[in-house]
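Asker: So I've got this file, query_19.txt, and it contains compact mmCIF, C-alpha atoms:
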# COMPACT_ATOMS: atom_id res chain seq x y z
CA MET A 1 -18.09 37.60 -12.44
CA THR A 2 -16.40 38.76 -15.64
CA VAL A 3 -17.30 36.95 -18.88
CA LYS A 4 -14.57 36.89 -21.51
CA ARG A 5 -15.15 35.30 -24.89
CA VAL A 6 -11.71 34.15 -26.03
CA LYS A 7 -9.87 37.49 -26.00
CA LYS A 8 -6.12 38.13 -25.83
CA GLN A 9 -6.50 39.26 -22.24
CA LEU A 10 -7.88 35.83 -21.35
CA VAL A 11 -5.02 34.04 -23.08
CA GLN A 12 -2.60 36.00 -20.94
CA LEU A 13 -4.43 34.78 -17.85
CA VAL A 14 -4.20 31.15 -18.97
CA VAL A 15 -0.42 31.42 -19.29
CA GLY A 16 -0.24 32.00 -15.53
CA VAL A 17 -2.62 29.18 -14.65
CA SER A 18 -0.17 27.33 -12.40
CA VAL A 19 0.78 29.34 -9.34
CA SER A 20 2.50 27.14 -6.79
CA MET A 21 1.84 27.35 -3.08
CA SER A 22 5.57 27.84 -2.53
CA ALA A 23 5.36 31.02 -4.61
CA ILE A 24 2.38 32.23 -2.57
CA MET A 25 4.23 31.48 0.66
CA ALA A 26 7.35 33.25 -0.55
CA SER A 27 5.41 36.36 -1.52
CA ALA A 28 3.78 36.45 1.90
CA ALA A 29 7.01 35.59 3.78
CA ILE A 30 5.37 32.61 5.50
CA GLN A 31 7.92 30.46 7.30
CA PRO A 32 7.18 26.77 7.90
CA PRO A 33 7.46 25.52 11.49
CA GLU A 34 10.70 24.04 12.82
CA MET A 35 10.20 20.81 14.75
CA GLU A 36 12.35 18.03 16.20
CA ASN A 37 11.58 15.09 13.95
CA THR A 38 13.07 13.24 10.99
CA ALA A 39 10.52 14.34 8.39
CA TYR A 40 7.11 15.93 8.04
CA VAL A 41 4.58 17.02 5.43
CA LEU A 42 1.51 19.23 5.58
CA MET A 43 -0.80 18.75 2.60
CA ASP A 44 -4.01 20.48 1.56
CA TYR A 45 -6.51 17.72 0.86
CA ASN A 46 -8.55 19.48 -1.84
CA THR A 47 -5.64 20.43 -4.08
CA GLY A 48 -2.84 18.11 -2.96
CA GLU A 49 -0.61 21.19 -2.50
CA ILE A 50 2.22 20.86 0.02
CA LEU A 51 2.06 23.75 2.49
CA ALA A 52 5.12 22.79 4.53
CA GLN A 53 7.66 19.99 4.49
CA LYS A 54 10.91 18.70 5.89
CA ASN A 55 12.74 15.82 4.20
CA ALA A 56 9.44 15.04 2.46
CA ASN A 57 10.92 12.59 -0.07
CA GLN A 58 13.32 10.77 2.25
CA ALA A 59 12.59 7.03 2.37
CA LEU A 60 12.23 6.05 6.03
CA PRO A 61 10.97 3.14 8.13
CA PRO A 62 7.19 3.82 8.29
CA ALA A 63 6.32 1.51 11.21
CA SER A 64 2.55 0.96 11.46
CA LEU A 65 1.77 3.79 9.04
CA THR A 66 2.29 0.85 6.66
CA LYS A 67 -1.10 -0.45 7.76
CA MET A 68 -2.77 2.44 5.94
CA MET A 69 -1.95 0.66 2.69
CA THR A 70 -3.17 -2.64 4.11
CA SER A 71 -6.46 -1.07 5.17
CA TYR A 72 -6.77 0.88 1.91
CA ILE A 73 -6.57 -2.30 -0.17
CA ILE A 74 -9.20 -3.93 2.05
CA GLU A 75 -11.48 -0.89 1.75
CA GLN A 76 -11.21 -0.83 -2.04
CA ARG A 77 -12.03 -4.53 -2.23
CA LEU A 78 -15.02 -4.03 0.02
CA ALA A 79 -16.20 -1.17 -2.18
CA SER A 80 -15.82 -3.27 -5.34
CA GLY A 81 -17.59 -6.28 -3.82
CA ASP A 82 -14.51 -8.51 -3.95
CA LEU A 83 -14.75 -8.71 -0.15
CA LYS A 84 -17.84 -8.83 2.06
CA GLU A 85 -18.01 -7.26 5.52
CA ASP A 86 -19.25 -10.50 7.11
CA GLU A 87 -16.80 -12.72 5.23
CA GLN A 88 -14.85 -14.86 7.69
CA VAL A 89 -11.05 -14.66 7.81
CA LEU A 90 -8.86 -17.35 9.39
CA MET A 91 -6.23 -16.43 11.97
CA SER A 92 -3.46 -18.77 10.86
CA PRO A 93 -0.60 -19.84 13.15
CA ASN A 94 1.69 -17.66 11.04
CA ALA A 95 -0.47 -14.55 11.51
CA TRP A 96 -1.40 -15.21 15.15
CA CYS A 97 -0.09 -12.89 17.85
CA ARG A 98 1.51 -14.78 20.71
CA GLY A 99 1.05 -11.96 23.18
CA SER A 100 4.50 -10.43 22.68
CA SER A 101 4.86 -6.95 24.12
CA SER A 102 6.95 -5.98 21.06
CA GLN A 103 3.94 -5.70 18.78
CA SER A 104 0.31 -4.61 18.83
CA CYS A 105 -2.38 -7.25 18.39
CA MET A 106 -6.11 -7.67 17.85
CA TYR A 107 -5.96 -11.01 19.72
CA VAL A 108 -8.02 -13.22 17.46
CA PRO A 109 -7.42 -16.79 18.73
CA VAL A 110 -5.26 -19.03 16.53
CA ASN A 111 -7.19 -21.10 13.98
CA LYS A 112 -10.35 -19.10 14.73
CA THR A 113 -12.03 -16.64 12.36
CA ALA A 114 -13.19 -13.04 12.48
CA SER A 115 -15.20 -11.03 9.96
CA VAL A 116 -13.52 -8.76 7.45
CA ILE A 117 -15.08 -5.66 9.04
CA ASP A 118 -13.82 -6.67 12.49
CA MET A 119 -10.37 -7.35 11.05
CA LEU A 120 -10.43 -3.91 9.41
CA ARG A 121 -11.26 -2.28 12.73
CA GLY A 122 -8.53 -4.34 14.35
CA ILE A 123 -6.03 -2.97 11.85
CA ILE A 124 -7.11 0.67 11.96
CA ILE A 125 -8.02 1.14 15.63
CA GLN A 126 -5.97 -1.50 17.44
CA SER A 127 -3.09 -1.54 14.93
CA GLY A 128 -3.22 -5.34 15.03
CA ASN A 129 -0.29 -7.04 13.36
CA ASP A 130 -2.21 -10.31 13.53
CA ALA A 131 -5.21 -8.81 11.73
CA SER A 132 -2.95 -7.29 9.05
CA LYS A 133 -1.20 -10.59 8.35
CA ALA A 134 -4.43 -12.58 8.38
CA MET A 135 -6.04 -10.22 5.85
CA ALA A 136 -2.91 -10.29 3.70
CA GLU A 137 -3.07 -14.11 3.60
CA HIS A 138 -6.82 -14.05 2.96
CA ILE A 139 -6.51 -11.69 -0.01
CA ALA A 140 -3.24 -12.81 -1.60
CA GLY A 141 -2.40 -16.22 -0.13
CA SER A 142 0.68 -14.99 1.69
CA GLU A 143 2.06 -11.79 3.17
CA ALA A 144 4.82 -11.71 0.54
CA SER A 145 2.27 -11.88 -2.27
CA PHE A 146 0.19 -9.19 -0.57
CA ALA A 147 3.26 -6.93 -0.46
CA ILE A 148 3.34 -7.13 -4.27
CA LEU A 149 -0.23 -5.81 -4.34
CA MET A 150 0.77 -3.05 -1.92
CA ASN A 151 3.61 -1.94 -4.16
CA GLU A 152 1.41 -2.05 -7.26
CA GLN A 153 -1.11 0.19 -5.50
CA ALA A 154 1.65 2.52 -4.30
CA GLU A 155 2.81 2.93 -7.89
CA LYS A 156 -0.74 3.71 -9.07
CA LEU A 157 -1.03 6.43 -6.42
CA GLY A 158 2.30 7.99 -7.38
CA MET A 159 4.16 7.01 -4.20
CA LYS A 160 7.67 7.31 -5.63
CA ASN A 161 9.82 6.70 -2.54
CA THR A 162 8.01 3.73 -1.04
CA HIS A 163 8.63 -0.01 -1.04
CA PHE A 164 6.62 -2.43 1.08
CA VAL A 165 7.92 -5.80 2.22
CA ASN A 166 5.20 -6.67 4.73
CA SER A 167 1.66 -5.69 5.72
CA THR A 168 2.43 -4.50 9.26
CA GLY A 169 5.41 -2.15 9.24
CA MET A 170 7.56 -4.35 11.44
CA PRO A 171 11.25 -3.72 10.70
CA ASP A 172 12.29 -5.44 7.48
CA GLU A 173 15.14 -4.79 5.07
CA GLY A 174 14.00 -2.51 2.24
CA HIS A 175 10.65 -1.68 3.86
CA GLN A 176 10.35 2.11 3.60
CA ALA A 177 8.13 5.07 2.73
CA SER A 178 8.47 8.85 2.62
CA ALA A 179 6.35 11.38 4.46
CA LEU A 180 5.06 12.74 1.14
CA ASP A 181 4.06 9.28 -0.05
CA LEU A 182 2.19 8.60 3.18
CA ALA A 183 0.34 11.91 2.78
CA ILE A 184 -0.61 10.86 -0.76
CA LEU A 185 -1.89 7.55 0.65
CA SER A 186 -3.81 9.36 3.40
CA ARG A 187 -5.47 11.55 0.78
CA ALA A 188 -6.47 8.48 -1.25
CA ILE A 189 -8.03 6.85 1.82
CA ILE A 190 -10.11 9.94 2.60
CA LYS A 191 -11.13 10.38 -1.04
CA ASN A 192 -11.74 6.78 -2.12
CA SER A 193 -12.74 4.75 0.93
CA GLY A 194 -16.23 6.19 1.36
CA ASP A 195 -17.94 5.40 4.66
CA TYR A 196 -15.03 3.20 5.71
CA TYR A 197 -12.99 6.34 6.36
CA GLY A 198 -15.21 6.85 9.42
CA LEU A 199 -13.46 3.90 11.08
CA TYR A 200 -10.29 5.98 11.43
CA ALA A 201 -12.08 8.30 13.87
CA GLU A 202 -13.38 5.53 16.15
CA LYS A 203 -11.77 5.91 19.56
CA GLU A 204 -11.84 2.28 20.71
CA PHE A 205 -12.68 -1.24 19.62
CA THR A 206 -13.51 -4.31 21.66
CA TYR A 207 -12.79 -7.79 20.35
CA ASN A 208 -12.54 -11.10 22.17
CA GLY A 209 -13.43 -9.25 25.38
CA ILE A 210 -10.42 -6.95 25.05
CA THR A 211 -11.01 -3.21 24.62
CA GLN A 212 -8.21 -1.21 23.08
CA GLY A 213 -8.14 2.54 22.46
CA ASN A 214 -7.10 4.28 19.28
CA ARG A 215 -3.50 5.45 19.69
CA ASN A 216 -4.16 8.70 17.80
CA ALA A 217 -4.26 11.07 20.78
CA LEU A 218 -5.60 13.95 18.67
CA LEU A 219 -8.96 12.18 18.39
CA ALA A 220 -9.49 12.81 22.09
CA THR A 221 -8.40 16.45 22.10
CA ASP A 222 -9.46 17.94 18.75
CA PRO A 223 -12.98 17.28 17.41
CA THR A 224 -11.91 18.38 13.91
CA VAL A 225 -9.45 15.46 13.64
CA ASP A 226 -10.94 12.30 12.14
CA GLY A 227 -7.93 10.09 11.33
CA LEU A 228 -5.65 8.46 10.45
CA LYS A 229 -2.91 6.22 11.93
CA THR A 230 -0.04 6.03 14.39
CA GLY A 231 3.17 4.03 14.20
CA HIS A 232 6.21 3.23 16.29
CA THR A 233 9.30 1.07 16.15
CA ASP A 234 12.78 1.75 17.48
CA ALA A 235 14.01 2.37 13.93
CA ALA A 236 11.10 4.61 12.89
CA GLY A 237 10.55 6.53 16.11
CA TYR A 238 7.03 7.76 16.85
CA CYS A 239 4.99 8.60 13.74
CA LEU A 240 1.51 9.96 13.08
CA ALA A 241 -0.59 10.61 10.00
CA ALA A 242 -3.49 12.89 10.91
CA SER A 243 -6.26 14.76 9.14
CA SER A 244 -8.40 17.67 10.29
CA LYS A 245 -11.36 19.36 8.58
CA ARG A 246 -12.37 22.89 9.55
CA GLU A 247 -15.16 24.47 7.51
CA ASP A 248 -14.33 24.01 3.78
CA MET A 249 -10.69 23.12 4.36
CA ARG A 250 -9.11 19.77 5.18
CA LEU A 251 -5.41 19.34 5.96
CA ILE A 252 -3.32 16.17 6.17
CA SER A 253 -0.20 16.04 8.33
CA VAL A 254 2.44 13.31 8.45
CA ILE A 255 5.04 13.36 11.21
CA MET A 256 7.88 10.81 11.23
CA GLY A 257 10.68 10.14 13.67
CA THR A 258 9.70 11.97 16.86
CA GLU A 259 10.97 10.91 20.28
CA SER A 260 7.70 10.12 22.06
CA GLN A 261 3.95 9.67 21.75
CA GLN A 262 3.47 13.11 23.25
CA ALA A 263 5.88 14.69 20.76
CA ARG A 264 4.14 13.21 17.73
CA ALA A 265 0.77 14.46 19.00
CA ASP A 266 2.08 17.92 19.92
CA GLN A 267 3.90 18.38 16.62
CA SER A 268 0.93 17.19 14.57
CA ARG A 269 -1.29 19.65 16.44
CA GLU A 270 1.22 22.46 15.88
CA LEU A 271 1.52 21.69 12.18
CA LEU A 272 -2.24 21.56 11.61
CA ASN A 273 -2.84 24.77 13.57
CA TRP A 274 -0.07 26.48 11.59
CA GLY A 275 -1.72 25.46 8.32
CA PHE A 276 -5.20 26.56 9.31
CA GLY A 277 -3.77 29.78 10.74
CA HIS A 278 -2.05 30.86 7.53
CA PHE A 279 -4.19 29.41 4.73
CA THR A 280 -7.83 29.21 3.77
CA THR A 281 -10.01 27.63 1.12
CA VAL A 282 -12.26 30.06 -0.72
CA THR A 283 -15.23 28.74 -2.70
CA LYS A 284 -15.94 31.17 -5.54
CA ALA A 285 -18.59 29.03 -7.22
CA PRO A 286 -20.32 25.79 -6.22
CA ALA A 287 -20.72 22.95 -8.68
CA GLY A 288 -23.78 23.46 -10.86
CA GLN A 289 -23.86 27.26 -10.56
CA PHE A 290 -25.53 28.97 -13.53
CA VAL A 291 -23.00 30.83 -15.69
CA SER A 292 -24.70 32.01 -18.87
CA LYS A 293 -26.97 31.17 -21.78
CA VAL A 294 -25.29 30.76 -25.17
CA PRO A 295 -27.01 30.82 -28.60
CA VAL A 296 -27.09 27.48 -30.43
CA TRP A 297 -27.09 27.13 -34.22
CA PHE A 298 -28.69 24.24 -36.09
CA GLY A 299 -30.36 22.85 -32.99
CA GLU A 300 -33.86 21.98 -31.81
CA ALA A 301 -33.35 24.69 -29.16
CA THR A 302 -31.95 28.15 -29.86
CA GLU A 303 -29.84 28.41 -26.70
CA VAL A 304 -28.29 26.29 -23.98
CA GLU A 305 -27.68 27.04 -20.31
CA LEU A 306 -24.15 26.63 -19.01
CA ALA A 307 -23.07 25.88 -15.43
CA THR A 308 -19.92 25.06 -13.50
CA GLY A 309 -19.00 21.38 -13.73
CA ASP A 310 -17.21 21.35 -10.37
CA SER A 311 -16.85 23.58 -7.34
CA LEU A 312 -14.29 26.32 -7.91
CA GLN A 313 -12.24 26.25 -4.70
CA ILE A 314 -9.01 28.15 -4.20
CA LEU A 315 -6.35 27.44 -1.60
CA THR A 316 -4.66 30.71 -0.71
CA ASP A 317 -2.75 32.61 1.92
CA LYS A 318 -5.34 34.41 4.05
CA THR A 319 -3.96 37.82 3.07
CA GLN A 320 -4.93 37.09 -0.55
CA LYS A 321 -8.48 35.82 -0.07
CA ASN A 322 -10.18 39.16 -0.81
CA LYS A 323 -8.19 39.64 -4.03
CA ILE A 324 -9.71 36.67 -5.87
CA THR A 325 -11.82 37.41 -8.95
CA THR A 326 -13.29 35.08 -11.57
CA VAL A 327 -13.08 35.10 -15.33
CA VAL A 328 -15.24 32.96 -17.61
CA ASP A 329 -14.08 31.72 -21.00
CA ILE A 330 -17.00 30.61 -23.20
CA PRO A 331 -17.64 30.87 -26.95
CA GLU A 332 -20.08 33.41 -28.41
CA SER A 333 -22.22 30.65 -29.89
CA LEU A 334 -22.34 26.87 -30.33
CA GLU A 335 -23.47 24.39 -32.94
CA ALA A 336 -25.72 21.40 -32.25
CA PRO A 337 -25.56 18.59 -31.34
CA ILE A 338 -24.59 19.29 -27.73
CA LYS A 339 -24.51 16.69 -24.95
CA LYS A 340 -25.45 17.35 -21.34
CA GLY A 341 -22.22 17.63 -19.33
CA GLN A 342 -20.16 18.49 -22.42
CA GLU A 343 -17.32 20.89 -21.56
CA ILE A 344 -17.94 24.23 -23.24
CA GLY A 345 -15.44 26.50 -21.50
CA LYS A 346 -13.71 27.26 -18.21
CA MET A 347 -14.18 29.41 -15.15
CA MET A 348 -10.90 30.64 -13.68
CA ALA A 349 -10.02 32.16 -10.34
CA VAL A 350 -7.56 35.02 -10.75
CA ILE A 351 -5.21 36.72 -8.28
CA ASP A 352 -3.12 39.68 -9.47
CA GLY A 353 -3.74 38.83 -13.11
CA LYS A 354 -2.78 35.16 -12.85
CA ALA A 355 -5.17 32.24 -12.92
CA VAL A 356 -4.65 30.07 -9.83
CA ALA A 357 -7.44 27.52 -10.34
CA SER A 358 -10.03 26.56 -12.92
CA VAL A 359 -13.08 24.33 -13.39
CA PRO A 360 -14.93 23.30 -16.54
CA ILE A 361 -18.12 25.00 -17.65
CA VAL A 362 -20.58 22.47 -19.04
CA ALA A 363 -23.88 22.29 -20.90
CA THR A 364 -26.83 21.54 -18.63
CA SER A 365 -28.97 19.81 -21.28
CA ASP A 366 -28.86 17.88 -24.55
CA ILE A 367 -29.50 19.87 -27.72
CA GLU A 368 -30.21 17.70 -30.75
CA GLN A 369 -29.71 18.84 -34.34
CA SER A 370 -32.75 20.37 -35.99
CA GLY A 371 -34.24 19.03 -39.22
CA PHE A 372 -32.56 19.41 -42.61
CA MET A 373 -34.70 22.28 -43.86
CA SER A 374 -34.40 24.13 -40.57
CA ARG A 375 -30.60 23.87 -40.74
CA ILE A 376 -30.65 25.20 -44.34
CA TRP A 377 -32.69 28.22 -43.22
CA GLN A 378 -30.41 28.88 -40.25
CA ARG A 379 -27.34 28.70 -42.49
CA PHE A 380 -28.90 31.29 -44.79
CA THR A 381 -29.77 33.48 -41.79
CA ARG A 382 -26.22 33.17 -40.46
CA TRP A 383 -24.76 34.03 -43.88
CA ALA A 384 -27.01 37.06 -44.13
CA GLN A 385 -26.00 38.30 -40.69
CA ASN A 386 -22.33 38.04 -41.59
CA LEU A 387 -22.87 40.38 -44.55
CA PHE A 388 -23.55 43.31 -42.22
Would you put the structure from the file into structure tokens?
Answerer:
Amino acid sequence: MTVKRVKKQLVQLVVGVSVSMSAIMASAAIQPPEMENTAYVLMDYNTGEILAQKNANQALPPASLTKMMTSYIIEQRLASGDLKEDEQVLMSPNAWCRGSSSQSCMYVPVNKTASVIDMLRGIIIQSGNDASKAMAEHIAGSEASFAILMNEQAEKLGMKNTHFVNSTGMPDEGHQASALDLAILSRAIIKNSGDYYGLYAEKEFTYNGITQGNRNALLATDPTVDGLKTGHTDAAGYCLAASSKREDMRLISVIMGTESQQARADQSRELLNWGFGHFTTVTKAPAGQFVSKVPVWFGEATEVELATGDSLQILTDKTQKNKITTVVDIPESLEAPIKKGQEIGKMMAVIDGKAVASVPIVATSDIEQSGFMSRIWQRFTRWAQNLF
């Protein structure tokens, strides 16, 4: 590790701090895969970088990928305590599935109740339209009111080409989402839903004596895949949002508008394998790694230990992984008071003279100011040192 203390060379590195993945791909002549679908996105989970895309921002019918927003809102309300897992939810006549072959159902009997956690499983694993509508009514009073909540959440997440009209993804005028937006939503689910994300990897769920399998075929063929959701309508074609974690790297793929269940599985597998084949995540420093000790003036302690505030991870083309170095920017000294966790500087990962990622360097302890007379003496000592 190279330690720089605010030199011109470091400033030049900071200027190049944003190096896009498209630039890395172009320099390595990496060509994204060509596949027969309407749109797709491959996203790196850790950074949010897009590794490959086709029509990523095109607003399209999302079919049951819609239910990811329905489940996400439920998961966030469970996490906040606004919902309880054992809370009972009514299956109203409006939400009830009548056994039509045109839609997927959890099959909760009309005017009966099921727990929130069972409804959530019914939405994620069985893709139950009835469960989605029942939860929408339970949370917001009506599906239309719930759609307002969905759109508010979409805006918070930065989903710019999405508009929800219902909680299920059944065809409806103006109901649409882009592949990029659905990747953003997938990332939020993985990041923010805690243990509830584990439900997306469950292969089957039995309710009311009816066992239904998860329609995500990758769960049965690739042990690194742990989510997320399938969808299909005539207008949307066959769609799949999937996520795979291999070692330190997690990728999210969204495929929209394929011609069959097999095609959406095959193309998702191809896209994920392409991403893992060309790119890697390199961890140059874990969170909490010791960096340096820095002198402290006017404090009850004469120095403070500094450490990385987060893990310094770099997404890069595999041909570049051995070229990564680190540069640390910290001051020569500090003045008390200092708070534990206070940002003191930065550690940067550098490739070919350009910083491609950075994390804060923080103080590992509190340093209080020393007494008045001690500060006077230290000021005299500092003044005397500056004379020579």
Asker: Between A:Ala188, A:Ile367, A:Thr316, A:Lys293, single out the one closest to A:Ser333, counting only C-alpha atoms.
Answerer: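 Result for the nearest residue to A:Ser333: A:Lys293.
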Asker: Which neighbours of A:Cys239 fall inside 8 Å, counting only C-alpha atoms, when residues of the same chain fewer than 3 positions from it are skipped, and could you give them as a PyMOL selection string?
Answerer: chain A and resi 62-63+65+230-232+236+254-258+264
Asker: Leaving out A:Met119 and any residue of its chain fewer than 3 positions from it, which residues lie within 6 Å of it when counting only C-alpha atoms, given as a list of chain:residue names?
Answerer: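 Selected residues are A:Val116, A:Gly122, A:Ala131.
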Asker: Of the candidates A:Gln261, A:Asn161, A:Gln103, A:Thr206, which shows the shortest atom-to-atom distance to A:Ile184, using all atoms listed in the file?
Answerer: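 Using all atoms listed in the file, A:Ile184 sits closest to A:Asn161.
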Asker: Mind giving me the axis-aligned box for stretch 357-365 of chain A with 3 Å on every side, centre plus edges in Å to one decimal, as lines of an AutoDock Vina configuration file?
Answerer:
center_x = -18.2
center_y = 23.7
center_z = -15.8
size_x = 27.5
size_y = 13.7
size_z = 16.9
Asker: Find the residues around A:Tyr40 up to 8 Å (only C-alpha atoms counted), leave out those fewer than 4 positions away in its own chain, and share them as a PDB file with C-alpha atoms, keeping the file's coordinate frame.
Answerer:
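selection_21.pdb written:
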ATOM      1  CA  ALA A  52       5.120  22.790   4.530  1.00  0.00           C
ATOM      2  CA  GLN A  53       7.660  19.990   4.490  1.00  0.00           C
ATOM      3  CA  LYS A  54      10.910  18.700   5.890  1.00  0.00           C
ATOM      4  CA  ASN A  55      12.740  15.820   4.200  1.00  0.00           C
ATOM      5  CA  ALA A  56       9.440  15.040   2.460  1.00  0.00           C
ATOM      6  CA  ALA A 179       6.350  11.380   4.460  1.00  0.00           C
ATOM      7  CA  LEU A 180       5.060  12.740   1.140  1.00  0.00           C
ATOM      8  CA  SER A 253      -0.200  16.040   8.330  1.00  0.00           C
ATOM      9  CA  VAL A 254       2.440  13.310   8.450  1.00  0.00           C
ATOM     10  CA  ILE A 255       5.040  13.360  11.210  1.00  0.00           C
ATOM     11  CA  MET A 256       7.880  10.810  11.230  1.00  0.00           C
TER      12      MET A 256
END
Asker: When you count all atoms listed in the file, which of these residues is closest to A:Ile73: A:Ile125, A:Leu149, A:Met249, A:Ala59?
Answerer: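 Among A:Ile125, A:Leu149, A:Met249, A:Ala59, it is A:Leu149 that comes nearest to A:Ile73.
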Asker: Missing atoms in stretch 155-171 of chain A: can you complete it with N, CA, C and O atoms, as a PDB file, in the coordinates of the input?
Answerer:
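Wrote selection-v4.pdb, looks like this:
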ATOM      1  N   GLU A 155       2.406   2.384  -6.593  1.00  0.00           N
ATOM      2  CA  GLU A 155       2.810   2.930  -7.890  1.00  0.00           C
ATOM      3  C   GLU A 155       1.648   3.649  -8.560  1.00  0.00           C
ATOM      4  O   GLU A 155       1.813   4.740  -9.130  1.00  0.00           O
ATOM      5  N   LYS A 156       0.449   3.078  -8.484  1.00  0.00           N
ATOM      6  CA  LYS A 156      -0.740   3.710  -9.070  1.00  0.00           C
ATOM      7  C   LYS A 156      -1.012   5.068  -8.434  1.00  0.00           C
ATOM      8  O   LYS A 156      -1.454   6.003  -9.106  1.00  0.00           O
ATOM      9  N   LEU A 157      -0.764   5.181  -7.130  1.00  0.00           N
ATOM     10  CA  LEU A 157      -1.030   6.430  -6.420  1.00  0.00           C
ATOM     11  C   LEU A 157       0.074   7.464  -6.593  1.00  0.00           C
ATOM     12  O   LEU A 157      -0.086   8.605  -6.180  1.00  0.00           O
ATOM     13  N   GLY A 158       1.192   7.054  -7.195  1.00  0.00           N
ATOM     14  CA  GLY A 158       2.300   7.990  -7.380  1.00  0.00           C
ATOM     15  C   GLY A 158       3.210   8.095  -6.176  1.00  0.00           C
ATOM     16  O   GLY A 158       3.867   9.132  -5.981  1.00  0.00           O
ATOM     17  N   MET A 159       3.268   7.039  -5.369  1.00  0.00           N
ATOM     18  CA  MET A 159       4.160   7.010  -4.200  1.00  0.00           C
ATOM     19  C   MET A 159       5.546   6.587  -4.682  1.00  0.00           C
ATOM     20  O   MET A 159       5.834   5.400  -4.826  1.00  0.00           O
ATOM     21  N   LYS A 160       6.423   7.551  -4.911  1.00  0.00           N
ATOM     22  CA  LYS A 160       7.670   7.310  -5.630  1.00  0.00           C
ATOM     23  C   LYS A 160       8.832   6.871  -4.735  1.00  0.00           C
ATOM     24  O   LYS A 160       9.847   6.381  -5.249  1.00  0.00           O
ATOM     25  N   ASN A 161       8.719   7.048  -3.444  1.00  0.00           N
ATOM     26  CA  ASN A 161       9.820   6.700  -2.540  1.00  0.00           C
ATOM     27  C   ASN A 161       9.366   5.703  -1.482  1.00  0.00           C
ATOM     28  O   ASN A 161       9.698   5.811  -0.306  1.00  0.00           O
ATOM     29  N   THR A 162       8.600   4.727  -1.936  1.00  0.00           N
ATOM     30  CA  THR A 162       8.010   3.730  -1.040  1.00  0.00           C
ATOM     31  C   THR A 162       8.249   2.334  -1.586  1.00  0.00           C
ATOM     32  O   THR A 162       8.143   2.101  -2.795  1.00  0.00           O
ATOM     33  N   HIS A 163       8.573   1.414  -0.692  1.00  0.00           N
ATOM     34  CA  HIS A 163       8.630  -0.010  -1.040  1.00  0.00           C
ATOM     35  C   HIS A 163       8.195  -0.805   0.176  1.00  0.00           C
ATOM     36  O   HIS A 163       8.753  -0.662   1.264  1.00  0.00           O
ATOM     37  N   PHE A 164       7.156  -1.624  -0.015  1.00  0.00           N
ATOM     38  CA  PHE A 164       6.620  -2.430   1.080  1.00  0.00           C
ATOM     39  C   PHE A 164       7.141  -3.865   0.982  1.00  0.00           C
ATOM     40  O   PHE A 164       7.182  -4.451  -0.100  1.00  0.00           O
ATOM     41  N   VAL A 165       7.483  -4.410   2.124  1.00  0.00           N
ATOM     42  CA  VAL A 165       7.920  -5.800   2.220  1.00  0.00           C
ATOM     43  C   VAL A 165       6.915  -6.626   3.017  1.00  0.00           C
ATOM     44  O   VAL A 165       6.790  -7.827   2.825  1.00  0.00           O
ATOM     45  N   ASN A 166       6.192  -5.975   3.923  1.00  0.00           N
ATOM     46  CA  ASN A 166       5.200  -6.670   4.730  1.00  0.00           C
ATOM     47  C   ASN A 166       3.962  -5.803   4.924  1.00  0.00           C
ATOM     48  O   ASN A 166       3.931  -4.645   4.503  1.00  0.00           O
ATOM     49  N   SER A 167       2.950  -6.371   5.567  1.00  0.00           N
ATOM     50  CA  SER A 167       1.660  -5.690   5.720  1.00  0.00           C
ATOM     51  C   SER A 167       1.537  -4.936   7.036  1.00  0.00           C
ATOM     52  O   SER A 167       0.521  -4.268   7.270  1.00  0.00           O
ATOM     53  N   THR A 168       2.553  -5.009   7.896  1.00  0.00           N
ATOM     54  CA  THR A 168       2.430  -4.500   9.260  1.00  0.00           C
ATOM     55  C   THR A 168       3.291  -3.281   9.549  1.00  0.00           C
ATOM     56  O   THR A 168       2.934  -2.444  10.382  1.00  0.00           O
ATOM     57  N   GLY A 169       4.459  -3.209   8.919  1.00  0.00           N
ATOM     58  CA  GLY A 169       5.410  -2.150   9.240  1.00  0.00           C
ATOM     59  C   GLY A 169       6.476  -2.581  10.221  1.00  0.00           C
ATOM     60  O   GLY A 169       7.311  -1.766  10.639  1.00  0.00           O
ATOM     61  N   MET A 170       6.463  -3.857  10.607  1.00  0.00           N
ATOM     62  CA  MET A 170       7.560  -4.350  11.440  1.00  0.00           C
ATOM     63  C   MET A 170       8.863  -4.220  10.675  1.00  0.00           C
ATOM     64  O   MET A 170       8.892  -4.321   9.445  1.00  0.00           O
ATOM     65  N   PRO A 171       9.978  -3.954  11.382  1.00  0.00           N
ATOM     66  CA  PRO A 171      11.250  -3.720  10.700  1.00  0.00           C
ATOM     67  C   PRO A 171      11.608  -4.856   9.746  1.00  0.00           C
ATOM     68  O   PRO A 171      11.519  -6.035  10.086  1.00  0.00           O
TER      69      PRO A 171
END
